[in-house]
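Asker: My file is coords_2.cif. It has mmCIF, C-alpha atoms and all ligand atoms:
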```cif
data_coords
#
loop_
_atom_site.label_atom_id
_atom_site.label_comp_id
_atom_site.auth_asym_id
_atom_site.auth_seq_id
_atom_site.Cartn_x
_atom_site.Cartn_y
_atom_site.Cartn_z
CA MET A 1 83.46 238.92 53.68
CA THR A 2 81.09 240.25 56.25
CA ARG A 3 80.91 238.24 59.47
CA LEU A 4 84.21 236.60 58.69
CA ASN A 5 85.71 240.08 58.66
CA GLU A 6 85.37 240.08 62.40
CA PHE A 7 88.14 237.51 62.75
CA PRO A 8 91.45 238.98 63.93
CA ASN A 9 93.88 239.78 61.10
CA SER A 10 95.93 236.63 60.83
CA GLN A 11 92.83 234.41 60.97
CA ARG A 12 91.21 236.50 58.26
CA ARG A 13 94.19 236.10 55.98
CA ALA A 14 94.12 232.35 56.59
CA ILE A 15 90.42 232.16 55.73
CA GLU A 16 91.06 234.04 52.47
CA VAL A 17 93.67 231.48 51.47
CA VAL A 18 91.38 228.58 52.46
CA LYS A 19 88.65 230.03 50.22
CA GLU A 20 91.03 230.38 47.26
CA VAL A 21 92.41 226.87 47.60
CA ALA A 22 88.92 225.42 48.14
CA ALA A 23 87.69 227.09 44.95
CA GLU A 24 90.62 225.68 42.97
CA LYS A 25 90.11 222.19 44.35
CA GLU A 26 86.34 222.44 44.09
CA CYS A 27 85.65 221.59 47.68
CA ARG A 28 83.24 223.14 50.12
CA PRO A 29 84.55 223.85 53.60
CA PHE A 30 82.31 224.93 56.48
CA LEU A 31 83.44 226.81 59.54
CA VAL A 32 81.98 224.93 62.54
CA GLY A 33 81.57 224.95 66.29
CA GLY A 34 83.31 227.45 68.57
CA PRO A 35 84.37 230.06 65.96
CA VAL A 36 80.89 230.27 64.43
CA ARG A 37 79.32 230.63 67.86
CA ASP A 38 81.79 233.35 68.83
CA LEU A 39 81.43 235.26 65.55
CA LEU A 40 77.64 235.25 65.89
CA LEU A 41 77.98 236.53 69.44
CA GLY A 42 80.37 239.27 68.35
CA ARG A 43 83.13 237.78 70.48
CA ASN A 44 86.70 237.38 69.30
CA ALA A 45 87.19 234.05 67.56
CA PHE A 46 90.63 232.50 67.15
CA ASP A 47 90.29 228.82 66.24
CA ILE A 48 89.75 227.91 62.64
CA ASP A 49 87.77 224.66 62.66
CA LEU A 50 86.62 223.46 59.27
CA THR A 51 84.45 220.51 58.23
CA LEU A 52 83.91 219.10 54.75
CA GLU A 53 81.73 216.29 53.53
CA GLU A 54 84.32 215.41 50.93
CA GLY A 55 87.87 216.30 50.08
CA SER A 56 89.22 217.17 53.51
CA SER A 57 92.56 215.51 52.81
CA THR A 58 92.80 217.20 49.39
CA LEU A 59 92.13 220.58 50.98
CA ALA A 60 94.53 219.97 53.87
CA ARG A 61 97.40 219.01 51.56
CA ALA A 62 96.80 221.76 49.01
CA LEU A 63 96.56 224.31 51.78
CA ALA A 64 99.80 223.19 53.40
CA LYS A 65 101.50 223.41 50.02
CA ARG A 66 100.20 226.92 49.38
CA LEU A 67 101.25 228.12 52.83
CA ASP A 68 104.54 226.29 52.71
CA GLY A 69 103.50 224.55 55.91
CA ARG A 70 102.82 220.98 56.98
CA VAL A 71 99.91 218.61 57.60
CA ARG A 72 99.48 216.20 60.43
CA SER A 73 96.73 213.65 60.06
CA PHE A 74 94.74 211.84 62.74
CA PRO A 75 93.08 209.03 60.80
CA GLN A 76 91.09 207.65 63.74
CA PHE A 77 89.21 210.97 63.94
CA LEU A 78 89.25 211.73 60.19
CA THR A 79 91.00 215.03 60.93
CA TYR A 80 93.98 217.05 59.72
CA LYS A 81 95.92 219.89 61.24
CA VAL A 82 97.62 222.37 58.96
CA THR A 83 100.38 224.50 60.42
CA ALA A 84 102.50 227.14 58.72
CA SER A 85 104.68 229.89 60.10
CA GLU A 86 102.86 233.17 60.65
CA PHE A 87 99.50 231.47 60.19
CA PRO A 88 97.14 230.22 62.87
CA GLU A 89 96.64 226.47 63.08
CA ILE A 90 93.82 225.24 60.86
CA ASP A 91 91.83 222.13 61.81
CA ILE A 92 90.17 220.33 58.93
CA ALA A 93 87.81 217.40 59.52
CA THR A 94 85.69 215.08 57.43
CA ALA A 95 82.05 215.39 58.46
CA ARG A 96 81.27 212.38 60.61
CA LYS A 97 78.67 210.36 62.44
CA GLU A 98 79.39 209.07 65.89
CA ARG A 99 78.09 206.16 67.85
CA TYR A 100 78.68 205.58 71.55
CA ARG A 101 79.17 201.87 72.10
CA ALA A 102 79.40 202.26 75.85
CA PRO A 103 78.60 205.30 78.00
CA GLY A 104 81.68 207.35 78.78
CA SER A 105 83.92 205.65 76.24
CA LEU A 106 85.21 207.30 73.08
CA PRO A 107 82.76 207.00 70.17
CA ALA A 108 83.10 204.98 66.98
CA VAL A 109 83.29 207.38 64.06
CA ALA A 110 82.28 207.00 60.39
CA PRO A 111 82.08 209.54 57.55
CA GLY A 112 78.71 211.30 57.42
CA ARG A 113 76.84 214.34 56.13
CA LEU A 114 77.26 217.86 57.48
CA LYS A 115 74.00 217.52 59.36
CA ASP A 116 75.18 214.30 61.08
CA ASP A 117 78.33 216.10 62.08
CA LEU A 118 76.40 218.98 63.62
CA MET A 119 73.90 216.75 65.41
CA ARG A 120 76.63 214.72 67.15
CA ARG A 121 77.88 217.85 68.93
CA ASP A 122 77.51 218.85 72.55
CA PHE A 123 75.21 221.90 72.55
CA SER A 124 72.96 223.62 70.04
CA ILE A 125 75.09 226.79 70.06
CA ASN A 126 78.13 224.70 69.10
CA ALA A 127 76.25 222.94 66.29
CA ILE A 128 76.10 225.72 63.69
CA ALA A 129 78.09 225.66 60.46
CA MET A 130 78.91 228.56 58.16
CA ASP A 131 79.55 227.99 54.47
CA LEU A 132 82.83 229.81 53.82
CA GLN A 133 81.94 230.78 50.25
CA ASP A 134 78.64 232.58 50.90
CA GLU A 135 78.51 232.75 54.71
CA SER A 136 75.14 231.01 54.80
CA LEU A 137 74.37 229.22 58.06
CA HIS A 138 73.43 225.57 58.60
CA ASP A 139 71.69 225.29 61.91
CA PRO A 140 69.75 222.03 62.25
CA ALA A 141 69.55 222.22 66.06
CA ASP A 142 68.27 225.81 66.25
CA GLY A 143 71.48 227.05 67.82
CA ALA A 144 70.98 230.64 66.63
CA ARG A 145 67.74 230.79 68.60
CA ASP A 146 69.55 229.61 71.75
CA LEU A 147 72.30 232.15 71.15
CA LYS A 148 69.63 234.86 71.27
CA LYS A 149 68.06 233.34 74.37
CA ARG A 150 71.51 232.87 75.88
CA LEU A 151 70.94 229.20 76.64
CA ILE A 152 73.10 226.08 76.77
CA ARG A 153 71.01 223.18 75.49
CA VAL A 154 71.96 219.57 74.71
CA LEU A 155 70.72 217.94 71.53
CA HIS A 156 69.28 214.76 73.01
CA GLU A 157 68.41 213.18 76.33
CA LYS A 158 71.38 210.84 76.57
CA SER A 159 74.01 213.44 75.76
CA PHE A 160 75.57 213.66 79.24
CA ILE A 161 75.43 209.89 79.67
CA ASP A 162 77.16 209.25 76.34
CA ASP A 163 79.91 211.71 77.18
CA PRO A 164 80.10 212.97 80.75
CA THR A 165 82.84 215.47 79.88
CA ARG A 166 79.94 217.50 78.47
CA ILE A 167 78.85 218.09 82.07
CA PHE A 168 82.02 220.09 82.60
CA ARG A 169 81.72 221.74 79.19
CA ALA A 170 78.16 222.93 79.84
CA ILE A 171 79.10 224.57 83.11
CA ARG A 172 82.31 226.06 81.75
CA LEU A 173 80.68 227.50 78.65
CA ALA A 174 77.70 228.89 80.58
CA SER A 175 80.02 230.79 82.92
CA ARG A 176 82.31 231.98 80.18
CA LEU A 177 79.49 233.35 78.04
CA GLY A 178 77.22 234.43 80.88
CA PHE A 179 74.53 232.01 79.59
CA SER A 180 72.07 229.88 81.56
CA ILE A 181 71.79 226.15 81.31
CA GLN A 182 68.34 225.49 79.82
CA GLN A 183 65.98 224.00 82.39
CA GLU A 184 65.59 220.58 80.82
CA THR A 185 69.30 220.38 80.11
CA ALA A 186 70.05 221.24 83.75
CA ALA A 187 67.69 218.47 84.86
CA LEU A 188 69.45 215.98 82.56
CA LEU A 189 72.80 217.15 83.88
CA ARG A 190 71.70 216.57 87.48
CA GLN A 191 70.29 213.15 86.63
CA ALA A 192 73.51 212.18 84.89
CA VAL A 193 75.61 213.15 87.92
CA THR A 194 73.25 211.35 90.32
CA SER A 195 73.26 208.20 88.21
CA GLY A 196 77.07 208.03 88.35
CA ALA A 197 77.74 209.03 84.74
CA LEU A 198 81.05 210.63 85.76
CA LEU A 199 82.36 207.28 86.92
CA THR A 200 82.20 205.89 83.37
CA ALA A 201 84.87 208.26 82.03
CA SER A 202 88.54 207.87 82.89
CA LYS A 203 89.87 210.04 85.71
CA GLU A 204 92.42 211.46 83.29
CA ARG A 205 89.69 212.83 80.99
CA LEU A 206 87.85 214.38 83.92
CA TRP A 207 90.98 216.02 85.29
CA ARG A 208 91.69 217.45 81.86
CA GLU A 209 88.26 219.08 81.96
CA LEU A 210 88.89 220.37 85.47
CA PHE A 211 92.17 221.92 84.35
CA LEU A 212 90.38 223.63 81.45
CA ALA A 213 87.99 225.14 84.00
CA MET A 214 90.98 226.42 86.00
CA GLU A 215 92.37 228.11 82.90
CA GLU A 216 89.27 230.22 82.38
CA GLU A 217 89.04 233.85 83.45
CA GLU A 218 85.94 232.92 85.46
CA ALA A 219 87.57 229.90 87.12
CA PRO A 220 86.20 230.60 90.64
CA ALA A 221 82.60 230.81 89.40
CA ILE A 222 83.02 227.71 87.24
CA LEU A 223 84.58 225.64 90.02
CA SER A 224 81.84 226.74 92.42
CA ALA A 225 79.19 225.80 89.88
CA LEU A 226 80.85 222.40 89.36
CA ASN A 227 80.62 221.94 93.10
CA HIS A 228 77.03 223.12 93.18
CA TYR A 229 76.16 220.33 90.72
CA HIS A 230 78.14 217.80 92.84
CA VAL A 231 80.58 217.19 90.01
CA LEU A 232 83.67 217.73 92.14
CA GLU A 233 82.41 215.34 94.76
CA ALA A 234 82.05 212.67 92.09
CA LEU A 235 85.54 213.32 90.79
CA PHE A 236 87.35 213.47 94.13
CA GLY A 237 85.24 211.01 96.06
CA VAL A 238 85.10 213.41 99.04
CA LYS A 239 82.71 216.16 99.96
CA ILE A 240 83.88 219.64 99.05
CA GLY A 241 82.86 222.46 101.38
CA ARG A 242 79.99 224.59 100.14
CA ARG A 243 81.86 227.75 101.05
CA ILE A 244 84.87 227.26 98.81
CA THR A 245 84.13 230.34 96.72
CA SER A 246 85.95 232.97 98.76
CA GLY A 247 89.12 230.87 98.83
CA LEU A 248 89.00 230.55 95.06
CA GLU A 249 88.63 234.29 94.57
CA LEU A 250 91.71 234.81 96.67
CA ILE A 251 93.60 232.55 94.32
CA ARG A 252 92.39 234.31 91.22
CA THR A 253 93.59 237.63 92.66
CA GLU A 254 96.92 236.08 93.62
CA LEU A 255 97.42 234.67 90.13
CA THR A 256 96.93 238.06 88.52
CA VAL A 257 99.92 239.40 90.48
CA ARG A 258 101.93 236.16 90.42
CA PRO A 259 101.33 234.50 87.04
CA ASP A 260 104.47 232.41 87.67
CA LEU A 261 102.65 230.31 90.29
CA ASP A 262 101.16 226.92 89.44
CA ARG A 263 97.46 227.66 89.00
CA TYR A 264 96.45 223.98 88.94
CA VAL A 265 98.17 223.28 92.25
CA LEU A 266 96.69 226.39 93.84
CA TYR A 267 93.12 225.78 92.74
CA THR A 268 93.27 222.07 93.53
CA GLY A 269 94.62 222.79 97.00
CA ALA A 270 91.95 225.42 97.60
CA LEU A 271 89.17 223.08 96.47
CA LEU A 272 90.33 220.34 98.82
CA ARG A 273 90.76 222.56 101.86
CA GLY A 274 89.25 220.97 104.91
CA SER A 275 88.00 217.96 102.93
CA GLY A 276 90.28 215.39 104.54
CA ALA A 277 91.46 214.43 101.04
CA SER A 278 94.75 212.59 100.54
CA VAL A 279 97.03 212.19 97.52
CA SER A 280 94.88 209.30 96.34
CA GLN A 281 92.26 211.89 95.43
CA LEU A 282 94.70 213.28 92.87
CA GLU A 283 94.80 210.08 90.81
CA GLY A 284 94.57 210.89 87.13
CA SER A 285 95.71 214.48 87.57
CA GLY A 286 99.16 213.73 86.24
CA PHE A 287 100.67 215.80 89.08
CA SER A 288 104.28 215.00 89.89
CA GLN A 289 105.01 214.05 93.51
CA LYS A 290 106.25 217.55 94.16
CA ARG A 291 103.12 219.22 92.81
CA ALA A 292 100.85 216.77 94.61
CA ARG A 293 102.65 217.55 97.86
CA ALA A 294 102.23 221.28 97.27
CA ALA A 295 98.49 220.87 96.62
CA MET A 296 98.09 218.78 99.77
CA GLN A 297 100.02 221.33 101.83
CA ILE A 298 97.57 223.99 100.73
CA ALA A 299 94.62 221.71 101.42
CA HIS A 300 95.70 220.71 104.93
CA ASP A 301 98.56 222.67 106.42
CA LEU A 302 97.71 226.33 106.13
CA PRO A 303 96.14 226.81 109.60
CA ARG A 304 98.87 224.78 111.28
CA LEU A 305 101.59 226.73 109.55
CA GLN A 306 99.95 230.03 110.45
CA LYS A 307 99.90 229.00 114.09
CA ALA A 308 103.54 227.96 114.04
CA LEU A 309 104.53 231.23 112.39
CA ALA A 310 102.62 233.25 114.95
CA ALA A 311 104.59 231.46 117.65
CA ALA A 312 107.98 231.85 115.93
CA PRO A 313 110.14 234.29 117.91
CA SER A 314 112.69 235.27 115.24
CA ASP A 315 113.39 235.61 111.54
CA ARG A 316 115.54 232.52 111.77
CA GLN A 317 112.69 230.40 113.08
CA ARG A 318 110.26 231.85 110.58
CA PHE A 319 112.64 231.23 107.68
CA ARG A 320 112.99 227.59 108.75
CA LEU A 321 109.23 227.25 108.41
CA TYR A 322 109.07 229.09 105.10
CA LYS A 323 111.80 226.86 103.68
CA SER A 324 109.64 223.79 104.23
CA VAL A 325 106.77 224.97 102.03
CA ALA A 326 106.11 225.33 98.30
CA PRO A 327 106.08 228.80 96.69
CA GLU A 328 102.32 228.46 96.08
CA MET A 329 101.76 227.98 99.81
CA LEU A 330 103.94 230.99 100.60
CA ALA A 331 101.89 233.14 98.25
CA LEU A 332 98.70 232.01 99.98
CA LEU A 333 100.13 232.78 103.39
CA MET A 334 100.71 236.33 102.24
CA ALA A 335 97.33 236.66 100.60
CA ASP A 336 95.56 235.30 103.66
CA LYS A 337 97.36 237.54 106.15
CA PRO A 338 98.84 240.69 104.65
CA ALA A 339 100.96 241.23 107.80
CA GLU A 340 102.79 238.01 106.92
CA GLY A 341 103.76 239.64 103.64
CA GLU A 342 106.59 241.67 105.10
CA HIS A 343 108.19 238.60 106.60
CA VAL A 344 107.84 236.65 103.38
CA ILE A 345 109.38 239.48 101.39
CA ARG A 346 112.31 239.40 103.80
CA PHE A 347 112.50 235.68 103.31
CA GLU A 348 112.59 236.11 99.52
CA GLU A 349 115.50 238.54 100.03
CA PHE A 350 117.13 236.00 102.27
CA ARG A 351 116.77 233.31 99.63
CA LYS A 352 118.75 235.48 97.22
CA PHE A 353 121.28 236.68 99.78
CA LYS A 354 124.77 235.36 99.08
CA LEU A 355 127.64 235.09 101.47
CA ALA A 356 131.09 235.96 100.10
CA LEU A 357 132.67 233.03 101.87
CA ARG A 358 133.66 229.58 100.66
CA GLY A 359 134.01 226.33 102.57
CA ASN A 360 137.73 225.98 101.85
CA GLU A 361 138.38 229.31 103.58
CA LEU A 362 137.33 227.84 106.93
CA GLU A 363 140.38 225.65 107.30
CA VAL A 364 138.46 222.71 108.69
CA PRO A 365 138.21 219.16 107.33
CA ALA A 366 135.67 218.75 104.51
CA GLY A 367 132.24 217.22 105.21
CA PRO A 368 128.55 218.04 105.57
CA HIS A 369 129.23 220.23 108.62
CA VAL A 370 130.84 222.83 106.29
CA ALA A 371 127.66 223.45 104.27
CA ARG A 372 125.63 223.59 107.47
CA ALA A 373 128.00 226.09 109.01
CA LEU A 374 127.93 228.28 105.90
CA GLU A 375 124.13 228.24 105.89
CA ARG A 376 124.01 229.10 109.60
CA THR A 377 126.44 231.97 108.94
CA ARG A 378 124.37 233.22 106.01
CA GLU A 379 121.39 233.45 108.36
CA ALA A 380 123.43 235.17 111.04
CA VAL A 381 124.81 237.85 108.69
CA PHE A 382 121.45 238.43 107.02
CA SER A 383 119.61 238.83 110.31
CA GLY A 384 122.28 241.12 111.81
CA GLU A 385 123.19 238.61 114.51
CA ILE A 386 126.84 239.13 113.50
CA ALA A 387 128.65 241.75 111.40
CA PRO A 388 129.76 240.72 107.88
CA ASP A 389 133.45 240.87 108.81
CA GLN A 390 132.84 238.29 111.55
CA ALA A 391 131.48 235.79 109.06
CA ARG A 392 134.65 233.78 108.56
CA SER A 393 135.49 233.25 112.23
CA PHE A 394 131.82 232.59 113.08
CA ALA A 395 131.52 230.00 110.30
CA ARG A 396 134.73 228.30 111.42
CA GLU A 397 133.50 228.14 115.00
CA MET A 398 130.19 226.65 113.88
CA ALA A 399 131.87 224.13 111.60
CA ILE A 400 134.03 222.90 114.44
CA LYS A 401 131.01 222.70 116.72
CA TYR A 402 128.99 220.68 114.14
CA LEU A 403 131.99 218.49 113.38
CA GLY A 404 132.20 217.55 117.02
CA ARG A 405 128.57 216.34 116.84
CA GLU A 406 128.90 214.23 113.70
P1 LIG B 1 86.71 226.95 72.84
O1 LIG B 1 86.50 228.37 72.61
O2 LIG B 1 86.91 226.57 74.27
O3 LIG B 1 87.72 226.32 71.93
P2 LIG B 1 84.88 225.29 71.40
O4 LIG B 1 83.39 225.22 71.34
O5 LIG B 1 85.60 225.59 70.12
O6 LIG B 1 85.27 226.31 72.51
P3 LIG B 1 86.44 222.88 71.46
O7 LIG B 1 86.82 222.06 72.64
O8 LIG B 1 87.50 223.58 70.68
O9 LIG B 1 85.35 223.92 71.98
O10 LIG B 1 85.59 221.94 70.51
C1 LIG B 1 85.23 222.31 69.18
C2 LIG B 1 83.82 221.86 68.86
O11 LIG B 1 83.75 220.44 68.92
C3 LIG B 1 82.74 222.35 69.83
O12 LIG B 1 82.25 223.61 69.44
C4 LIG B 1 81.69 221.27 69.72
O13 LIG B 1 80.88 221.48 68.58
C5 LIG B 1 82.51 220.03 69.47
N1 LIG B 1 82.78 219.29 70.72
C6 LIG B 1 83.83 219.44 71.55
N2 LIG B 1 83.77 218.59 72.59
C7 LIG B 1 82.66 217.86 72.40
C8 LIG B 1 82.05 216.80 73.12
N3 LIG B 1 82.58 216.33 74.25
N4 LIG B 1 80.92 216.28 72.62
C9 LIG B 1 80.38 216.75 71.47
N5 LIG B 1 80.90 217.74 70.76
C10 LIG B 1 82.03 218.30 71.20
MG MG B 2 87.77 225.55 69.97
#
```
Would you write out, as structure tokens, the structure that this file holds?
Ligand code: ATP
Ligand code: MG
Answerer:
Amino acid sequence: MTRLNEFPNSQRRAIEVVKEVAAEKECRPFLVGGPVRDLLLGRNAFDIDLTLEEGSSTLARALAKRLDGRVRSFPQFLTYKVTASEFPEIDIATARKERYRAPGSLPAVAPGRLKDDLMRRDFSINAIAMDLQDESLHDPADGARDLKKRLIRVLHEKSFIDDPTRIFRAIRLASRLGFSIQQETAALLRQAVTSGALLTASKERLWRELFLAMEEEEAPAILSALNHYHVLEALFGVKIGRRITSGLELIRTELTVRPDLDRYVLYTGALLRGSGASVSQLEGSGFSQKRARAAMQIAHDLPRLQKALAAAPSDRQRFRLYKSVAPEMLALLMADKPAEGEHVIRFEEFRKFKLALRGNELEVPAGPHVARALERTREAVFSGEIAPDQARSFAREMAIKYLGRE
């Protein structure tokens, strides 16, 4: 193996086994799409995507048997997935032709030749196949030339109309690889957006593409480029500020220190800042109510919250405000105003602070006033308003006071 040697270890072992099994079963698998592109670029490739004109099910089953793994089949797409422990997932597909019956809908598929399978793909650089046995390339769309020229190019004029998710893919791939979108392709992309192509795909599919953009290392650049091409506007139905970029960078930085935060909520909130968007703009995102609320808080409430915090006279008041917001919003508050950081850190300590006092020690009737009194006491001890040994009598006093108000 030469080029294939550049796969990471476990992928290389898997490819060796595929070659052995293919030779035994007399079938001819091709490596296709992303991994070929990445190998030719000298980038790390991880996916193993194979296409065969014939015998894909034979290969999939024999391979699973050899690896002591299992096969899942997806008949509507003529594909198989082979999984085995300690091996990367292997996707095996029958070469196919596609036909788009209506723009934006999923295509009808039928078995085809390798060339058909390559020519149905999104961009020339993703339409190269490598014969696993001899590593020869099949490149009917001149993808290798575009790899050299560092260009993203569609294979025909109607590509973005047939499948508008390719609009997202073009922009994402260009940013990831540092490629340009070829001039004619960029013109077709613009025309597709202007003609409303994005409205023909379901919101769910478009959100999935947006989330993929947010997962990329270069997410801020990709999201800005999507905005530049008016893609976000089409998805959200509201205008997105042209100067979103700096806010997105802030989020990328924040995510590197706080990988526990919800990146989708953060980026969505940042995109919608100042747009006047409401939860209805999140249709198709699959966000739970809680996540939608967090995104909207980030989009709308940051300045208001900052003002309220600036006016808050004590830790207690500040903590009340902090309690009302999602952790993502808290992180942004800190990132936006480093001085706020100290207070938030204190708040995080406060969150964890436990009071060694239980409701039944207060000797008052049970009820909601007990929990309130304990919480008020926790605040008072934490902030130094009272000494720890005063906690019990303070809590009892408060409980009686609250009880009187119920
Ligand atoms: P990644 O590194 O992100 O996995 P990839 O190119 O492998 O990049 P996939 O989404 O895994 O992207 O798709 C695998 C291949 O399937 C692509 O290389 C491309 O040839 C083809 N493909 C994917 N999506 C489309 C699409 N919407 N239209 C046409 N071809 C597509
Ligand atoms: Mg892939």
Asker: Mind pulling up the distance from atom CA of Ala129 of chain A to atom CA of Thr58 of chain A?
Answerer: 20.3 Å
Asker: What is the distance between atom CA of Thr94 of chain A and atom CA of Thr79 of chain A, in Å to one decimal?
Answerer: 6.4 Å
Asker: Looking at A:Phe347, A:Arg3, A:Gln182, A:Thr83, which one is nearest to Leu137 of chain A, with distances taken over all atoms listed in the file?
Answerer: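 Checking each of A:Phe347, A:Arg3, A:Gln182, A:Thr83 against Leu137 of chain A, counting all atoms listed in the file, the winner is A:Arg3.
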Asker: For Arg291 of chain A, which residue out of A:Glu348, A:Asp262, A:Glu204, A:Asp162 is the nearest one, using all atoms listed in the file?
Answerer: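 Of the candidates, the smallest distance to Arg291 of chain A is held by A:Asp262.
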Asker: Taking only C-alpha atoms and all ligand atoms into account, list the residues no farther than 12 Å from ligand MG 2 (chain B), as a PyMOL selection string.
Answerer: chain A and resi 31-38+44-50+89-91+126+169+173+212
Asker: Suppose you want the space between atom CA of Pro164 of chain A and atom CA of Leu198 of chain A; what is it in Å?
Answerer: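 Those two atoms sit 5.6 Å apart.
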Asker: With a distance cut-off of 10 Å and only C-alpha atoms, select the neighbouring residues of Arg120 of chain A, excluding the residue or stretch itself and same-chain residues fewer than 3 positions from it, and output the selection as a PyMOL selection string.
Answerer: chain A and resi 96-99+115-117+123+127+155-156+159
Asker: Which is closer to Arg176 of chain A than all the others in A:His300, A:Pro140, A:Ile222, A:Thr194, using only C-alpha atoms?
Answerer: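 Answer, going by the shortest atom-to-atom distance: A:Ile222.
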Asker: For ligand LIG 1 (chain B), which residue out of A:Ala308, A:Ala174, A:Ile400, A:Ala380 is the nearest one, using all atoms listed in the file?
Answerer: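 Checking each candidate against ligand LIG 1 (chain B), we get A:Ala174 as the closest.
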Asker: From the options A:Ile128, A:Leu272, A:Leu114, A:Ala102, which residue's atoms come nearest to Gly247 of chain A, counting all atoms listed in the file?
Answerer: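 Using all atoms listed in the file, Gly247 of chain A sits closest to A:Leu272.
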Asker: Could you tell me, as a VMD selection string, which residues have any atom at most 8 Å from (82.7, 226.1, 55.3), counting all atoms listed in the file?
Answerer: chain A and resid 28 to 32 50 to 52 129 to 133 135
Asker: Any chance you could export the current selection's C-alpha atoms as a CSV table (one decimal), in the coordinates of the input?
Answerer:
```
chain,number,residue,atom,x,y,z
A,28,ARG,CA,83.2,223.1,50.1
A,29,PRO,CA,84.6,223.8,53.6
A,30,PHE,CA,82.3,224.9,56.5
A,31,LEU,CA,83.4,226.8,59.5
A,32,VAL,CA,82.0,224.9,62.5
A,50,LEU,CA,86.6,223.5,59.3
A,51,THR,CA,84.4,220.5,58.2
A,52,LEU,CA,83.9,219.1,54.8
A,129,ALA,CA,78.1,225.7,60.5
A,130,MET,CA,78.9,228.6,58.2
A,131,ASP,CA,79.6,228.0,54.5
A,132,LEU,CA,82.8,229.8,53.8
A,133,GLN,CA,81.9,230.8,50.2
A,135,GLU,CA,78.5,232.8,54.7
```
Asker: Please output segment 176-187 of chain A, rebuilt to include N, CA, C and O atoms, as a PDB file, in the coordinates of the input.
Answerer:
```
ATOM      1  N   ARG A 176      81.484 231.141  81.049  1.00  0.00           N
ATOM      2  CA  ARG A 176      82.310 231.980  80.180  1.00  0.00           C
ATOM      3  C   ARG A 176      81.458 232.974  79.401  1.00  0.00           C
ATOM      4  O   ARG A 176      81.810 234.135  79.256  1.00  0.00           O
ATOM      5  N   LEU A 177      80.316 232.493  78.895  1.00  0.00           N
ATOM      6  CA  LEU A 177      79.490 233.350  78.040  1.00  0.00           C
ATOM      7  C   LEU A 177      78.445 234.134  78.823  1.00  0.00           C
ATOM      8  O   LEU A 177      77.764 234.985  78.268  1.00  0.00           O
ATOM      9  N   GLY A 178      78.291 233.811  80.107  1.00  0.00           N
ATOM     10  CA  GLY A 178      77.220 234.430  80.880  1.00  0.00           C
ATOM     11  C   GLY A 178      75.855 233.905  80.446  1.00  0.00           C
ATOM     12  O   GLY A 178      74.864 234.628  80.480  1.00  0.00           O
ATOM     13  N   PHE A 179      75.782 232.633  80.017  1.00  0.00           N
ATOM     14  CA  PHE A 179      74.530 232.010  79.590  1.00  0.00           C
ATOM     15  C   PHE A 179      73.943 231.197  80.754  1.00  0.00           C
ATOM     16  O   PHE A 179      74.632 230.883  81.726  1.00  0.00           O
ATOM     17  N   SER A 180      72.669 230.820  80.599  1.00  0.00           N
ATOM     18  CA  SER A 180      72.070 229.880  81.560  1.00  0.00           C
ATOM     19  C   SER A 180      72.040 228.503  80.936  1.00  0.00           C
ATOM     20  O   SER A 180      72.010 228.373  79.710  1.00  0.00           O
ATOM     21  N   ILE A 181      71.994 227.505  81.805  1.00  0.00           N
ATOM     22  CA  ILE A 181      71.790 226.150  81.310  1.00  0.00           C
ATOM     23  C   ILE A 181      70.272 225.951  81.227  1.00  0.00           C
ATOM     24  O   ILE A 181      69.575 226.153  82.225  1.00  0.00           O
ATOM     25  N   GLN A 182      69.791 225.642  80.033  1.00  0.00           N
ATOM     26  CA  GLN A 182      68.340 225.490  79.820  1.00  0.00           C
ATOM     27  C   GLN A 182      67.780 224.494  80.847  1.00  0.00           C
ATOM     28  O   GLN A 182      68.450 223.540  81.227  1.00  0.00           O
ATOM     29  N   GLN A 183      66.552 224.746  81.269  1.00  0.00           N
ATOM     30  CA  GLN A 183      65.980 224.000  82.390  1.00  0.00           C
ATOM     31  C   GLN A 183      66.039 222.476  82.220  1.00  0.00           C
ATOM     32  O   GLN A 183      66.501 221.760  83.099  1.00  0.00           O
ATOM     33  N   GLU A 184      65.599 222.027  81.059  1.00  0.00           N
ATOM     34  CA  GLU A 184      65.590 220.580  80.820  1.00  0.00           C
ATOM     35  C   GLU A 184      67.007 220.024  80.784  1.00  0.00           C
ATOM     36  O   GLU A 184      67.281 218.939  81.305  1.00  0.00           O
ATOM     37  N   THR A 185      67.893 220.795  80.174  1.00  0.00           N
ATOM     38  CA  THR A 185      69.300 220.380  80.110  1.00  0.00           C
ATOM     39  C   THR A 185      69.879 220.292  81.523  1.00  0.00           C
ATOM     40  O   THR A 185      70.608 219.339  81.853  1.00  0.00           O
ATOM     41  N   ALA A 186      69.540 221.259  82.370  1.00  0.00           N
ATOM     42  CA  ALA A 186      70.050 221.240  83.750  1.00  0.00           C
ATOM     43  C   ALA A 186      69.515 220.005  84.481  1.00  0.00           C
ATOM     44  O   ALA A 186      70.244 219.378  85.257  1.00  0.00           O
ATOM     45  N   ALA A 187      68.261 219.650  84.203  1.00  0.00           N
ATOM     46  CA  ALA A 187      67.690 218.470  84.860  1.00  0.00           C
ATOM     47  C   ALA A 187      68.424 217.209  84.389  1.00  0.00           C
ATOM     48  O   ALA A 187      68.757 216.329  85.197  1.00  0.00           O
TER      49      ALA A 187
END
```
